[in-house]
$ cat data00.pdb   # PDB, C-alpha atoms
MODEL        1
ATOM      1  CA  MET A 807      21.628  50.759 114.260  1.00  0.00           C
ATOM      2  CA  ASN A 808      23.536  47.553 114.970  1.00  0.00           C
ATOM      3  CA  LEU A 809      20.711  45.442 113.520  1.00  0.00           C
ATOM      4  CA  VAL A 810      20.638  47.544 110.339  1.00  0.00           C
ATOM      5  CA  LEU A 811      24.383  47.051 109.894  1.00  0.00           C
ATOM      6  CA  ARG A 812      24.068  43.307 110.377  1.00  0.00           C
ATOM      7  CA  ILE A 813      21.264  43.085 107.822  1.00  0.00           C
ATOM      8  CA  ALA A 814      23.235  45.304 105.422  1.00  0.00           C
ATOM      9  CA  VAL A 815      26.092  42.778 105.579  1.00  0.00           C
ATOM     10  CA  TYR A 816      23.963  39.603 105.740  1.00  0.00           C
ATOM     11  CA  VAL A 817      21.906  40.136 102.567  1.00  0.00           C
ATOM     12  CA  PRO A 818      24.807  40.792 100.154  1.00  0.00           C
ATOM     13  CA  VAL A 819      26.772  37.885 101.615  1.00  0.00           C
ATOM     14  CA  LEU A 820      23.778  35.589 101.093  1.00  0.00           C
ATOM     15  CA  PHE A 821      23.478  36.852  97.514  1.00  0.00           C
ATOM     16  CA  LEU A 822      27.167  36.266  96.765  1.00  0.00           C
ATOM     17  CA  ILE A 823      26.988  32.735  98.178  1.00  0.00           C
ATOM     18  CA  ALA A 824      23.892  32.114  96.049  1.00  0.00           C
ATOM     19  CA  VAL A 825      25.754  33.366  92.955  1.00  0.00           C
ATOM     20  CA  VAL A 826      28.544  30.865  93.580  1.00  0.00           C
ATOM     21  CA  ILE A 827      26.121  27.988  94.136  1.00  0.00           C
ATOM     22  CA  THR A 828      23.823  28.761  91.207  1.00  0.00           C
ATOM     23  CA  GLY A 829      26.747  29.515  88.927  1.00  0.00           C
ATOM     24  CA  GLN A 830      27.623  25.835  89.060  1.00  0.00           C
ATOM     25  CA  HIS A 831      24.246  24.955  87.511  1.00  0.00           C
ATOM     26  CA  HIS A 832      23.713  27.673  84.889  1.00  0.00           C
ATOM     27  CA  ALA A 833      25.608  28.504  81.715  1.00  0.00           C
ATOM     28  CA  THR A 834      24.868  32.230  81.357  1.00  0.00           C
ATOM     29  CA  ALA A 835      25.339  35.137  83.718  1.00  0.00           C
ATOM     30  CA  ALA A 836      21.705  36.213  83.328  1.00  0.00           C
ATOM     31  CA  ALA A 837      20.422  32.775  84.329  1.00  0.00           C
ATOM     32  CA  THR A 838      22.854  32.647  87.221  1.00  0.00           C
ATOM     33  CA  LEU A 839      21.787  36.037  88.582  1.00  0.00           C
ATOM     34  CA  ARG A 840      18.089  35.241  88.137  1.00  0.00           C
ATOM     35  CA  ALA A 841      18.508  31.996  90.069  1.00  0.00           C
ATOM     36  CA  ALA A 842      20.673  33.690  92.709  1.00  0.00           C
ATOM     37  CA  VAL A 843      18.017  36.339  93.388  1.00  0.00           C
ATOM     38  CA  GLY A 844      15.393  33.646  93.846  1.00  0.00           C
ATOM     39  CA  ARG A 845      17.624  31.580  96.102  1.00  0.00           C
ATOM     40  CA  THR A 846      18.543  34.641  98.169  1.00  0.00           C
ATOM     41  CA  GLY A 847      14.849  35.400  98.641  1.00  0.00           C
ATOM     42  CA  ARG A 848      14.168  31.854  99.810  1.00  0.00           C
ATOM     43  CA  TRP A 849      17.120  31.972 102.189  1.00  0.00           C
ATOM     44  CA  LEU A 850      15.936  35.290 103.622  1.00  0.00           C
ATOM     45  CA  TRP A 851      12.462  33.829 104.134  1.00  0.00           C
ATOM     46  CA  TRP A 852      13.942  30.792 105.912  1.00  0.00           C
ATOM     47  CA  SER A 853      16.158  33.081 108.008  1.00  0.00           C
ATOM     48  CA  LEU A 854      13.114  35.055 109.138  1.00  0.00           C
ATOM     49  CA  LEU A 855      11.217  31.876 109.976  1.00  0.00           C
ATOM     50  CA  LEU A 856      14.131  30.436 111.953  1.00  0.00           C
ATOM     51  CA  VAL A 857      14.762  33.650 113.891  1.00  0.00           C
ATOM     52  CA  GLY A 858      11.027  33.921 114.602  1.00  0.00           C
ATOM     53  CA  GLY A 859      10.982  30.324 115.811  1.00  0.00           C
ATOM     54  CA  MET A 860      13.955  30.912 118.075  1.00  0.00           C
ATOM     55  CA  LEU A 861      12.292  34.021 119.467  1.00  0.00           C
ATOM     56  CA  ALA A 862       9.072  32.067 120.107  1.00  0.00           C
ATOM     57  CA  LEU A 863      11.019  29.328 121.915  1.00  0.00           C
ATOM     58  CA  GLU A 864      12.855  31.926 123.973  1.00  0.00           C
ATOM     59  CA  LEU A 865       9.605  33.591 124.986  1.00  0.00           C
ATOM     60  CA  ALA A 866       7.963  30.234 125.749  1.00  0.00           C
ATOM     61  CA  PHE A 867      10.740  28.879 127.955  1.00  0.00           C
ATOM     62  CA  ILE A 868      12.452  31.967 129.361  1.00  0.00           C
ATOM     63  CA  GLY A 869       9.722  34.569 129.184  1.00  0.00           C
ATOM     64  CA  TRP A 870       9.812  38.263 128.446  1.00  0.00           C
TER      65      TRP A 870
ENDMDL
END
$ encode --input "data00.pdb" --output "structure tokens"
Amino acid sequence: MNLVLRIAVYVPVLFLIAVVITGQHHATAAATLRAAVGRTGRWLWWSLLLVGGMLALELAFIGW
């Protein structure tokens, strides 16, 4: 349940940060939101890769 809560907070926060960043580069709200969704998706993908990499390092050096 704790993980679900963290993800439920993490994804909207990422999206809102992406809206602020992409809003500086786009003139319309539609373009900003389209770019923010794409950026949020990329950031989620990178988050999964980084967490997976940290887990792999933990298992390699510390063990199960």
$ atom_distance --input "data00.pdb" --atom1 "atom CA of A:Pro818" --atom2 "atom CA of A:Gly858"
21.1 Å
$ atom_distance --input "data00.pdb" --atom1 "atom CA of A:Ala824" --atom2 "atom CA of A:Val843"
7.7 Å
$ atom_distance --input "data00.pdb" --atom1 "atom CA of A:Trp851" --atom2 "atom CA of A:Ile813"
13.3 Å
$ axis_aligned_box --input "data00.pdb" --around "stretch 811-824 of chain A" --padding-each-side "5 Å" --output "JSON"
{"center_x": 24.2, "center_y": 39.6, "center_z": 103.2, "size_x": 15.9, "size_y": 24.9, "size_z": 24.3}
$ resolve_selection --input "data00.pdb" --expression "the PyMOL selection byres ((chain A and resi 825) around 10)" --output "MDAnalysis selection string"
chainID A and resid 819:824 826:830 835 838:843 845:846
$ build_atoms --input "data00.pdb" --residues "stretch 814-846 of chain A" --atoms "N, CA and C atoms" --output "PDB file, in the coordinates of the input"
ATOM      1  N   ALA A 814      22.554  44.753 106.599  1.00  0.00           N
ATOM      2  CA  ALA A 814      23.235  45.304 105.422  1.00  0.00           C
ATOM      3  C   ALA A 814      24.423  44.438 105.008  1.00  0.00           C
ATOM      4  N   VAL A 815      24.998  43.691 105.914  1.00  0.00           N
ATOM      5  CA  VAL A 815      26.092  42.778 105.579  1.00  0.00           C
ATOM      6  C   VAL A 815      25.542  41.398 105.212  1.00  0.00           C
ATOM      7  N   TYR A 816      24.511  40.951 105.901  1.00  0.00           N
ATOM      8  CA  TYR A 816      23.963  39.603 105.740  1.00  0.00           C
ATOM      9  C   TYR A 816      23.377  39.378 104.343  1.00  0.00           C
ATOM     10  N   VAL A 817      22.593  40.321 103.852  1.00  0.00           N
ATOM     11  CA  VAL A 817      21.906  40.136 102.567  1.00  0.00           C
ATOM     12  C   VAL A 817      22.893  40.046 101.400  1.00  0.00           C
ATOM     13  N   PRO A 818      23.860  40.958 101.270  1.00  0.00           N
ATOM     14  CA  PRO A 818      24.807  40.792 100.154  1.00  0.00           C
ATOM     15  C   PRO A 818      25.655  39.522 100.252  1.00  0.00           C
ATOM     16  N   VAL A 819      25.993  39.117 101.456  1.00  0.00           N
ATOM     17  CA  VAL A 819      26.772  37.885 101.615  1.00  0.00           C
ATOM     18  C   VAL A 819      25.937  36.686 101.173  1.00  0.00           C
ATOM     19  N   LEU A 820      24.658  36.654 101.557  1.00  0.00           N
ATOM     20  CA  LEU A 820      23.778  35.589 101.093  1.00  0.00           C
ATOM     21  C   LEU A 820      23.704  35.572  99.572  1.00  0.00           C
ATOM     22  N   PHE A 821      23.570  36.759  98.965  1.00  0.00           N
ATOM     23  CA  PHE A 821      23.478  36.852  97.514  1.00  0.00           C
ATOM     24  C   PHE A 821      24.755  36.336  96.851  1.00  0.00           C
ATOM     25  N   LEU A 822      25.909  36.712  97.368  1.00  0.00           N
ATOM     26  CA  LEU A 822      27.167  36.266  96.765  1.00  0.00           C
ATOM     27  C   LEU A 822      27.347  34.758  96.896  1.00  0.00           C
ATOM     28  N   ILE A 823      26.936  34.191  98.015  1.00  0.00           N
ATOM     29  CA  ILE A 823      26.988  32.735  98.178  1.00  0.00           C
ATOM     30  C   ILE A 823      26.050  32.072  97.184  1.00  0.00           C
ATOM     31  N   ALA A 824      24.858  32.659  97.007  1.00  0.00           N
ATOM     32  CA  ALA A 824      23.892  32.114  96.049  1.00  0.00           C
ATOM     33  C   ALA A 824      24.430  32.193  94.622  1.00  0.00           C
ATOM     34  N   VAL A 825      25.160  33.257  94.290  1.00  0.00           N
ATOM     35  CA  VAL A 825      25.754  33.366  92.955  1.00  0.00           C
ATOM     36  C   VAL A 825      26.751  32.232  92.723  1.00  0.00           C
ATOM     37  N   VAL A 826      27.559  31.945  93.717  1.00  0.00           N
ATOM     38  CA  VAL A 826      28.544  30.865  93.580  1.00  0.00           C
ATOM     39  C   VAL A 826      27.844  29.522  93.408  1.00  0.00           C
ATOM     40  N   ILE A 827      26.823  29.272  94.205  1.00  0.00           N
ATOM     41  CA  ILE A 827      26.121  27.988  94.136  1.00  0.00           C
ATOM     42  C   ILE A 827      25.361  27.847  92.824  1.00  0.00           C
ATOM     43  N   THR A 828      24.609  28.867  92.434  1.00  0.00           N
ATOM     44  CA  THR A 828      23.823  28.761  91.207  1.00  0.00           C
ATOM     45  C   THR A 828      24.696  28.839  89.960  1.00  0.00           C
ATOM     46  N   GLY A 829      25.843  29.448  90.065  1.00  0.00           N
ATOM     47  CA  GLY A 829      26.747  29.515  88.927  1.00  0.00           C
ATOM     48  C   GLY A 829      27.247  28.154  88.494  1.00  0.00           C
ATOM     49  N   GLN A 830      27.200  27.193  89.389  1.00  0.00           N
ATOM     50  CA  GLN A 830      27.623  25.835  89.060  1.00  0.00           C
ATOM     51  C   GLN A 830      26.573  25.095  88.243  1.00  0.00           C
ATOM     52  N   HIS A 831      25.344  25.647  88.182  1.00  0.00           N
ATOM     53  CA  HIS A 831      24.246  24.955  87.511  1.00  0.00           C
ATOM     54  C   HIS A 831      23.732  25.678  86.271  1.00  0.00           C
ATOM     55  N   HIS A 832      24.203  26.885  86.010  1.00  0.00           N
ATOM     56  CA  HIS A 832      23.713  27.673  84.889  1.00  0.00           C
ATOM     57  C   HIS A 832      24.873  28.083  83.992  1.00  0.00           C
ATOM     58  N   ALA A 833      24.563  28.219  82.694  1.00  0.00           N
ATOM     59  CA  ALA A 833      25.608  28.504  81.715  1.00  0.00           C
ATOM     60  C   ALA A 833      25.802  29.997  81.460  1.00  0.00           C
ATOM     61  N   THR A 834      24.755  30.806  81.663  1.00  0.00           N
ATOM     62  CA  THR A 834      24.868  32.230  81.357  1.00  0.00           C
ATOM     63  C   THR A 834      24.808  33.051  82.638  1.00  0.00           C
ATOM     64  N   ALA A 835      25.344  34.250  82.555  1.00  0.00           N
ATOM     65  CA  ALA A 835      25.339  35.137  83.718  1.00  0.00           C
ATOM     66  C   ALA A 835      23.917  35.555  84.073  1.00  0.00           C
ATOM     67  N   ALA A 836      23.083  35.793  83.064  1.00  0.00           N
ATOM     68  CA  ALA A 836      21.705  36.213  83.328  1.00  0.00           C
ATOM     69  C   ALA A 836      20.940  35.121  84.075  1.00  0.00           C
ATOM     70  N   ALA A 837      21.101  33.888  83.642  1.00  0.00           N
ATOM     71  CA  ALA A 837      20.422  32.775  84.329  1.00  0.00           C
ATOM     72  C   ALA A 837      20.955  32.600  85.743  1.00  0.00           C
ATOM     73  N   THR A 838      22.250  32.771  85.894  1.00  0.00           N
ATOM     74  CA  THR A 838      22.854  32.647  87.221  1.00  0.00           C
ATOM     75  C   THR A 838      22.318  33.706  88.165  1.00  0.00           C
ATOM     76  N   LEU A 839      22.273  34.961  87.718  1.00  0.00           N
ATOM     77  CA  LEU A 839      21.787  36.037  88.582  1.00  0.00           C
ATOM     78  C   LEU A 839      20.303  35.889  88.895  1.00  0.00           C
ATOM     79  N   ARG A 840      19.519  35.461  87.901  1.00  0.00           N
ATOM     80  CA  ARG A 840      18.089  35.241  88.137  1.00  0.00           C
ATOM     81  C   ARG A 840      17.884  34.172  89.205  1.00  0.00           C
ATOM     82  N   ALA A 841      18.616  33.080  89.094  1.00  0.00           N
ATOM     83  CA  ALA A 841      18.508  31.996  90.069  1.00  0.00           C
ATOM     84  C   ALA A 841      19.043  32.436  91.431  1.00  0.00           C
ATOM     85  N   ALA A 842      20.092  33.235  91.442  1.00  0.00           N
ATOM     86  CA  ALA A 842      20.673  33.690  92.709  1.00  0.00           C
ATOM     87  C   ALA A 842      19.715  34.610  93.458  1.00  0.00           C
ATOM     88  N   VAL A 843      18.992  35.459  92.733  1.00  0.00           N
ATOM     89  CA  VAL A 843      18.017  36.339  93.388  1.00  0.00           C
ATOM     90  C   VAL A 843      16.913  35.506  94.023  1.00  0.00           C
ATOM     91  N   GLY A 844      16.428  34.517  93.290  1.00  0.00           N
ATOM     92  CA  GLY A 844      15.393  33.646  93.846  1.00  0.00           C
ATOM     93  C   GLY A 844      15.865  32.873  95.062  1.00  0.00           C
ATOM     94  N   ARG A 845      17.080  32.347  94.978  1.00  0.00           N
ATOM     95  CA  ARG A 845      17.624  31.580  96.102  1.00  0.00           C
ATOM     96  C   ARG A 845      17.861  32.483  97.315  1.00  0.00           C
ATOM     97  N   THR A 846      18.330  33.698  97.071  1.00  0.00           N
ATOM     98  CA  THR A 846      18.543  34.641  98.169  1.00  0.00           C
ATOM     99  C   THR A 846      17.219  34.956  98.857  1.00  0.00           C
TER     100      THR A 846
END
